[in-house]
Amino acid sequence: MRTRTRWLLLLAALAAVTFVAVSTIAQAIRQSSWGPIESVAWLPAVIVATWPGTSRRCLPRRRSSNG
């Protein structure tokens with residue numbers, strides 16, 4: 001992936017996360033409850049898990065002489 005494209009994706013992801021975080025905090029303050037924050041707490045884990053390049057390639061099998 002090109003560096004420019006990677007930075008563009010990073011900026012878009014950061015903008016989306018910032019928007020969701022700010023709106024969630026505002027809604028939690030309006031409702032005086034932790035419910036809105038609890039409902040989006042899974043979002044950072046999904047972003048990290050789906051980010052390109054975070055998965056490793058499968059390791060090759062070890063060659064063993066079991067007989």
# chains A, B, ... in the order shown; residues from 1 in each chain; ligands from 1
call {"tool": "residues_around", "arguments": {"residues": "A:Val17", "least_positions_apart": "3", "cutoff": "12 Å", "atoms": "only C-alpha atoms", "output": "PyMOL selection string"}}
result
chain A and resi 10-14+20-24+40-48
call {"tool": "write_last_selection", "arguments": {"atoms": "C-alpha atoms", "output": "short mmCIF file (atom, residue, chain, number, x, y, z; two decimals), in the first residue's frame"}}
result
data_model
loop_
_atom_site.label_atom_id
_atom_site.label_comp_id
_atom_site.auth_asym_id
_atom_site.auth_seq_id
_atom_site.Cartn_x
_atom_site.Cartn_y
_atom_site.Cartn_z
CA LEU A 10 -5.36 6.72 8.92
CA LEU A 11 -6.75 10.25 8.86
CA ALA A 12 -10.19 9.02 7.84
CA ALA A 13 -10.20 6.43 10.63
CA LEU A 14 -9.08 9.00 13.18
CA VAL A 20 -18.05 8.86 17.32
CA ALA A 21 -16.22 9.48 20.60
CA VAL A 22 -17.30 13.12 20.90
CA SER A 23 -20.91 12.42 20.00
CA THR A 24 -21.03 9.45 22.40
CA VAL A 40 -19.58 1.73 21.57
CA ALA A 41 -16.76 0.41 23.75
CA TRP A 42 -16.17 -2.46 21.29
CA LEU A 43 -15.40 -0.09 18.38
CA PRO A 44 -11.65 0.44 19.01
CA ALA A 45 -11.08 -3.32 19.14
CA VAL A 46 -12.78 -3.77 15.77
CA ILE A 47 -10.71 -1.01 14.19
CA VAL A 48 -7.46 -2.52 15.45
#
